[in-house]
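Here the structure comes first, spelled out in structure tokens, and everything after it is commentary.
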Amino acid sequence: MELGDAALGSIQAGADQQARREELMRRIASGEFHRVIEWVGPGKMIIARCVDGRSPDKEVPMFLPNAAGGTESLFVADDLTTKRYAADDASTLSGYQHLLEGLAKEGYSIGGHTDTHADGDKSGCGANDKLAVIYDYIKKHAGDLQVVAAKLGVIISDADRDSIAANASTRTQFSEGRELLDALKTAGGIVDVLVGEHKEVVAVINTRQNTTLDRNVLADEFGNNYQAFNVDVWAFEDAARAISLEAAEVRQKVAAMVFYNLATTMVLAGPKMRVIVL
Ligand SMILES: [Zn+2]
């Protein structure tokens, strides 16, 4: 499917990315570019890398599951639900710091990224730098996101939808992306430096347990003009469980992560962005 008019962003296939787009999608859909994650640490495996399609400046020795912003997906899951780490009256920075400390104490991996041209208040991660716009999207389009999620096989209840939208509305203090990035570095997170421009032509929803997209091999095969967003949705439940105390909370946090990841795609990508479920 294509994202269509619900998408507000600009990342999508351009005229110079038509020649091999169908081939790329077919080969990604075959699972050719997804690898089993053989994580040996440091830290317990959990979502800690971003969905961004660009490759890091150095080869990634081991993979970790992908979601918007890396560990930031866990912060948003908390902020839009039970707020064990975040609080309405505090900045996103203090909530994020609290979450990073909590995860590190429990022995989980934490991570995110910057890029080679981020400057000023920017981190170089759209899921982070555009957090206020993404929350606004969730607030205004919660019903649409619920429908898209259902099409992708994730059923979110009306009660969870309304509660997530309400929590998106009450958040008023957003720290700069750079502040969150600095907090991640201070906490000892894995911070990839991604190179070049966005060239994503497809967003992959990956349901295959313990696998993720190998961007290095994809780039070896297709060059830098073709990239793919990759969301490891299979990893959402473990991530939600790591920051929850009860089953109902896990369900809500999975729903919030789905909303955040879809809304991030809608904010960053354009109407012609394709979506495939692997
Ligand atoms: Zn990112």
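Every chain in the structure tokens has a letter given in the order shown (A, B, ...), and although residue numbers restart at 1 in each chain, ligands are simply numbered from 1 in the order shown.
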Go through chain A and flag each residue having an atom no more than 12 Å from ligand 1; for those, report the closest pair of atoms plus their distance in Å to one decimal, using only C-alpha atoms and all ligand atoms, ordered by chain and rising number, as JSON lines.
```
{"residue": "A:Ala48", "atom": "CA", "partner": "ligand 1", "partner_atom_place_in_ligand_line": "1 (Zn)", "distance": 10.6}
{"residue": "A:Arg49", "atom": "CA", "partner": "ligand 1", "partner_atom_place_in_ligand_line": "1 (Zn)", "distance": 7.9}
{"residue": "A:Cys50", "atom": "CA", "partner": "ligand 1", "partner_atom_place_in_ligand_line": "1 (Zn)", "distance": 4.7}
{"residue": "A:Val51", "atom": "CA", "partner": "ligand 1", "partner_atom_place_in_ligand_line": "1 (Zn)", "distance": 6.1}
{"residue": "A:Asp52", "atom": "CA", "partner": "ligand 1", "partner_atom_place_in_ligand_line": "1 (Zn)", "distance": 5.0}
{"residue": "A:Gly53", "atom": "CA", "partner": "ligand 1", "partner_atom_place_in_ligand_line": "1 (Zn)", "distance": 8.7}
{"residue": "A:Arg54", "atom": "CA", "partner": "ligand 1", "partner_atom_place_in_ligand_line": "1 (Zn)", "distance": 9.3}
{"residue": "A:Ser55", "atom": "CA", "partner": "ligand 1", "partner_atom_place_in_ligand_line": "1 (Zn)", "distance": 11.4}
{"residue": "A:Pro56", "atom": "CA", "partner": "ligand 1", "partner_atom_place_in_ligand_line": "1 (Zn)", "distance": 11.6}
{"residue": "A:Asn66", "atom": "CA", "partner": "ligand 1", "partner_atom_place_in_ligand_line": "1 (Zn)", "distance": 9.6}
{"residue": "A:Ala67", "atom": "CA", "partner": "ligand 1", "partner_atom_place_in_ligand_line": "1 (Zn)", "distance": 8.5}
{"residue": "A:Ala68", "atom": "CA", "partner": "ligand 1", "partner_atom_place_in_ligand_line": "1 (Zn)", "distance": 5.9}
{"residue": "A:Gly69", "atom": "CA", "partner": "ligand 1", "partner_atom_place_in_ligand_line": "1 (Zn)", "distance": 4.5}
{"residue": "A:Gly70", "atom": "CA", "partner": "ligand 1", "partner_atom_place_in_ligand_line": "1 (Zn)", "distance": 7.0}
{"residue": "A:Thr71", "atom": "CA", "partner": "ligand 1", "partner_atom_place_in_ligand_line": "1 (Zn)", "distance": 10.2}
{"residue": "A:Glu72", "atom": "CA", "partner": "ligand 1", "partner_atom_place_in_ligand_line": "1 (Zn)", "distance": 9.2}
{"residue": "A:Ser73", "atom": "CA", "partner": "ligand 1", "partner_atom_place_in_ligand_line": "1 (Zn)", "distance": 10.3}
{"residue": "A:Gly111", "atom": "CA", "partner": "ligand 1", "partner_atom_place_in_ligand_line": "1 (Zn)", "distance": 10.4}
{"residue": "A:Gly112", "atom": "CA", "partner": "ligand 1", "partner_atom_place_in_ligand_line": "1 (Zn)", "distance": 6.9}
{"residue": "A:His113", "atom": "CA", "partner": "ligand 1", "partner_atom_place_in_ligand_line": "1 (Zn)", "distance": 6.2}
{"residue": "A:Thr114", "atom": "CA", "partner": "ligand 1", "partner_atom_place_in_ligand_line": "1 (Zn)", "distance": 7.5}
{"residue": "A:Asp115", "atom": "CA", "partner": "ligand 1", "partner_atom_place_in_ligand_line": "1 (Zn)", "distance": 9.0}
{"residue": "A:Ala118", "atom": "CA", "partner": "ligand 1", "partner_atom_place_in_ligand_line": "1 (Zn)", "distance": 11.8}
{"residue": "A:Lys122", "atom": "CA", "partner": "ligand 1", "partner_atom_place_in_ligand_line": "1 (Zn)", "distance": 11.5}
{"residue": "A:Ser123", "atom": "CA", "partner": "ligand 1", "partner_atom_place_in_ligand_line": "1 (Zn)", "distance": 8.8}
{"residue": "A:Gly124", "atom": "CA", "partner": "ligand 1", "partner_atom_place_in_ligand_line": "1 (Zn)", "distance": 7.1}
{"residue": "A:Cys125", "atom": "CA", "partner": "ligand 1", "partner_atom_place_in_ligand_line": "1 (Zn)", "distance": 3.7}
{"residue": "A:Gly126", "atom": "CA", "partner": "ligand 1", "partner_atom_place_in_ligand_line": "1 (Zn)", "distance": 5.4}
{"residue": "A:Ala127", "atom": "CA", "partner": "ligand 1", "partner_atom_place_in_ligand_line": "1 (Zn)", "distance": 5.3}
{"residue": "A:Asn128", "atom": "CA", "partner": "ligand 1", "partner_atom_place_in_ligand_line": "1 (Zn)", "distance": 6.8}
{"residue": "A:Asp129", "atom": "CA", "partner": "ligand 1", "partner_atom_place_in_ligand_line": "1 (Zn)", "distance": 8.8}
{"residue": "A:Lys130", "atom": "CA", "partner": "ligand 1", "partner_atom_place_in_ligand_line": "1 (Zn)", "distance": 10.2}
{"residue": "A:Leu131", "atom": "CA", "partner": "ligand 1", "partner_atom_place_in_ligand_line": "1 (Zn)", "distance": 11.0}
{"residue": "A:Gly177", "atom": "CA", "partner": "ligand 1", "partner_atom_place_in_ligand_line": "1 (Zn)", "distance": 10.7}
{"residue": "A:Leu181", "atom": "CA", "partner": "ligand 1", "partner_atom_place_in_ligand_line": "1 (Zn)", "distance": 10.7}
{"residue": "A:Val191", "atom": "CA", "partner": "ligand 1", "partner_atom_place_in_ligand_line": "1 (Zn)", "distance": 10.5}
{"residue": "A:Asp192", "atom": "CA", "partner": "ligand 1", "partner_atom_place_in_ligand_line": "1 (Zn)", "distance": 9.7}
{"residue": "A:Val193", "atom": "CA", "partner": "ligand 1", "partner_atom_place_in_ligand_line": "1 (Zn)", "distance": 10.4}
{"residue": "A:Leu194", "atom": "CA", "partner": "ligand 1", "partner_atom_place_in_ligand_line": "1 (Zn)", "distance": 9.1}
{"residue": "A:His198", "atom": "CA", "partner": "ligand 1", "partner_atom_place_in_ligand_line": "1 (Zn)", "distance": 10.8}
{"residue": "A:Phe229", "atom": "CA", "partner": "ligand 1", "partner_atom_place_in_ligand_line": "1 (Zn)", "distance": 9.7}
{"residue": "A:Asn230", "atom": "CA", "partner": "ligand 1", "partner_atom_place_in_ligand_line": "1 (Zn)", "distance": 10.8}
{"residue": "A:Val231", "atom": "CA", "partner": "ligand 1", "partner_atom_place_in_ligand_line": "1 (Zn)", "distance": 11.2}
{"residue": "A:Asn261", "atom": "CA", "partner": "ligand 1", "partner_atom_place_in_ligand_line": "1 (Zn)", "distance": 10.7}
{"residue": "A:Thr264", "atom": "CA", "partner": "ligand 1", "partner_atom_place_in_ligand_line": "1 (Zn)", "distance": 9.5}
{"residue": "A:Thr265", "atom": "CA", "partner": "ligand 1", "partner_atom_place_in_ligand_line": "1 (Zn)", "distance": 10.7}
{"residue": "A:Leu268", "atom": "CA", "partner": "ligand 1", "partner_atom_place_in_ligand_line": "1 (Zn)", "distance": 10.4}
```
If you count only C-alpha atoms, which residues fall within 8 Å of Leu152 (chain A), apart from same-chain ones fewer than 3 positions away, as a list of chain:residue names?
A:Val148, A:Ala149, A:Val277
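Distance annotation: of A:Thr116, A:Ser109, A:Gln227, A:Gln17, the residue with the minimal separation from Gly196 (chain A) is A:Thr116; atom set is only C-alpha atoms.
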Near Phe259 (chain A), within 8 Å and counting only C-alpha atoms, which residues show up once chain neighbours fewer than 2 positions away are dropped, as a PDB file with N, CA and C atoms, in the first residue's frame?
```
ATOM      1  N   ILE A 138      -0.628  12.621  16.263  1.00  0.00           N
ATOM      2  CA  ILE A 138      -1.338  11.579  17.031  1.00  0.00           C
ATOM      3  C   ILE A 138      -2.630  12.152  17.621  1.00  0.00           C
ATOM      4  N   ALA A 142      -5.736  10.277  15.555  1.00  0.00           N
ATOM      5  CA  ALA A 142      -5.698   8.994  16.277  1.00  0.00           C
ATOM      6  C   ALA A 142      -6.589   7.951  15.601  1.00  0.00           C
ATOM      7  N   LEU A 145      -4.904   6.606  12.486  1.00  0.00           N
ATOM      8  CA  LEU A 145      -3.786   5.721  12.841  1.00  0.00           C
ATOM      9  C   LEU A 145      -4.305   4.360  13.302  1.00  0.00           C
ATOM     10  N   GLN A 146      -5.419   4.364  14.018  1.00  0.00           N
ATOM     11  CA  GLN A 146      -6.041   3.111  14.466  1.00  0.00           C
ATOM     12  C   GLN A 146      -6.439   2.257  13.257  1.00  0.00           C
ATOM     13  N   ALA A 149      -3.261   0.919  11.566  1.00  0.00           N
ATOM     14  CA  ALA A 149      -2.709  -0.163  12.396  1.00  0.00           C
ATOM     15  C   ALA A 149      -3.481  -1.459  12.160  1.00  0.00           C
ATOM     16  N   ALA A 255       0.488  -0.409  21.896  1.00  0.00           N
ATOM     17  CA  ALA A 255      -0.384   0.452  21.074  1.00  0.00           C
ATOM     18  C   ALA A 255       0.240   1.832  20.888  1.00  0.00           C
ATOM     19  N   ALA A 256       0.799   2.389  21.959  1.00  0.00           N
ATOM     20  CA  ALA A 256       1.415   3.718  21.878  1.00  0.00           C
ATOM     21  C   ALA A 256       2.632   3.704  20.960  1.00  0.00           C
ATOM     22  N   MET A 257       3.412   2.617  21.005  1.00  0.00           N
ATOM     23  CA  MET A 257       4.582   2.515  20.108  1.00  0.00           C
ATOM     24  C   MET A 257       4.135   2.411  18.655  1.00  0.00           C
ATOM     25  N   ASN A 261       5.239   5.165  15.920  1.00  0.00           N
ATOM     26  CA  ASN A 261       5.983   4.755  14.727  1.00  0.00           C
ATOM     27  C   ASN A 261       5.216   5.081  13.447  1.00  0.00           C
ATOM     28  N   LEU A 262       3.905   4.891  13.459  1.00  0.00           N
ATOM     29  CA  LEU A 262       3.105   5.247  12.279  1.00  0.00           C
ATOM     30  C   LEU A 262       3.071   6.762  12.087  1.00  0.00           C
ATOM     31  N   ALA A 263       2.872   7.499  13.173  1.00  0.00           N
ATOM     32  CA  ALA A 263       2.792   8.963  13.074  1.00  0.00           C
ATOM     33  C   ALA A 263       4.129   9.542  12.604  1.00  0.00           C
TER      34      ALA A 263
END
```
Distance CA of Arg21 (chain A)-CA of Val201 (chain A), one decimal place?
7.1 Å
Going by DSSP on the backbone, which residues of region 179-222 of chain A come out as alpha helix (DSSP H)? List them as a list in words.
Glu179, Leu180, Leu181, Asp182, Ala183, Leu184, Lys185, Thr186, Arg215, Asn216, Val217, Leu218, Ala219, Asp220, Glu221 and Phe222 of chain A
Among the residues A:Ile205, A:Ala87, A:Ala187, A:Ile164, the one that comes closest to Phe236 (chain A) [using only C-alpha atoms]:
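Closest residue, counting only C-alpha atoms: A:Ile205.
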Choose the residue, out of A:Leu218, A:Ala235, A:Ile276, A:Ala150, that has the smallest atom-to-atom separation from Ala29 (chain A); count only C-alpha atoms.
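Ranked by minimum distance to Ala29 (chain A), first place goes to A:Ile276.
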DSSP on the backbone: which residues in region 24-142 of chain A end up as strand (DSSP E or B)? Give the answer as a count of residues only.
13
One number please: CA of Ala13 (chain A) to CA of Asn224 (chain A), in Å, one decimal.
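Spanning CA of Ala13 (chain A) to CA of Asn224 (chain A) is a straight-line distance of 13.0 Å.
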What lies within 9 Å of Ala132 (chain A) using only C-alpha atoms, ignoring chain neighbours under 5 positions off, as a ChimeraX atom specification?
/A:137,171-174
Requested write-out: N, CA and C atoms of the selected residues, as a compact mmCIF listing (two decimals), in the first residue's frame:
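Result file is result_10.txt:
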```txt
# COMPACT_ATOMS: atom_id res chain seq x y z
N TYR A 137 0.22 15.17 15.46
CA TYR A 137 -0.38 14.26 14.48
C TYR A 137 -1.19 13.18 15.20
N ARG A 171 0.78 16.78 26.75
CA ARG A 171 2.22 17.08 26.72
C ARG A 171 2.42 18.46 26.09
N THR A 172 2.98 19.39 26.83
CA THR A 172 3.21 20.73 26.28
C THR A 172 4.68 21.10 26.23
N GLN A 173 5.50 20.42 27.05
CA GLN A 173 6.93 20.79 27.08
C GLN A 173 7.76 19.80 26.29
N PHE A 174 8.33 20.28 25.21
CA PHE A 174 9.20 19.45 24.38
C PHE A 174 10.61 20.02 24.40
```
For Asn210 (chain A), please output as a ChimeraX atom specification all residues within 8 Å (counting only C-alpha atoms; exclusion window: fewer than 6 positions along the same chain).
/A:36-37,65,234-235
Spatial neighbours of region 88-102 of chain A, 9 Å, only C-alpha atoms, chain gap at least 3 places, as a VMD selection string
chain A and resid 71 to 72 74 to 76 78 to 79 83 to 85 105 to 108 110 167 170 to 176 179 to 180 183 to 184 187 189 243
Go ahead and save the residues from that selection, with C-alpha atoms, as a tab-separated table (two decimals), in the first residue's frame.
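Below you can see part.tsv, which holds the result:
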```tsv
chain	number	residue	atom	x	y	z
A	71	THR	CA	15.13	3.99	22.76
A	72	GLU	CA	12.96	7.10	22.25
A	74	LEU	CA	10.14	3.39	24.79
A	75	PHE	CA	10.02	6.89	26.23
A	76	VAL	CA	7.06	7.83	24.05
A	78	ASP	CA	5.58	5.54	28.58
A	79	ASP	CA	4.72	9.21	28.05
A	83	LYS	CA	3.96	7.78	32.80
A	84	ARG	CA	6.10	5.71	35.12
A	85	TYR	CA	9.11	7.72	33.94
A	105	LYS	CA	19.98	-0.08	35.76
A	106	GLU	CA	18.00	-3.08	34.52
A	107	GLY	CA	20.86	-3.94	32.15
A	108	TYR	CA	19.14	-3.12	28.84
A	110	ILE	CA	19.99	1.92	24.94
A	167	ASN	CA	-1.88	11.96	26.65
A	170	THR	CA	-1.51	17.09	27.55
A	171	ARG	CA	2.22	17.08	26.72
A	172	THR	CA	3.21	20.73	26.28
A	173	GLN	CA	6.93	20.79	27.08
A	174	PHE	CA	9.20	19.45	24.38
A	175	SER	CA	12.96	19.65	24.81
A	176	GLU	CA	15.23	20.18	21.80
A	179	GLU	CA	19.20	17.75	24.44
A	180	LEU	CA	17.73	14.25	24.19
A	183	ALA	CA	21.25	12.71	27.43
A	184	LEU	CA	21.57	9.43	25.52
A	187	ALA	CA	23.84	7.65	29.72
A	189	GLY	CA	23.93	4.82	24.76
A	243	ILE	CA	8.89	-0.73	31.20
```
Leaving out Ala242 (chain A) and any residue of its chain fewer than 4 positions from it, which residues lie within 9 Å of it when counting only C-alpha atoms, given as an MDAnalysis selection string?
chainID A and resid 46 103 106 108 237:238 250
What is the distance between CA of Glu246 (chain A) and CA of Asp232 (chain A), in Å to one decimal?
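Spanning CA of Glu246 (chain A) to CA of Asp232 (chain A) is a straight-line distance of 22.7 Å.
The closest residue to Asp136 (chain A), picked from A:Asp220, A:Met266, A:Met273, A:Ile156 and counting only C-alpha atoms, is A:Met266.
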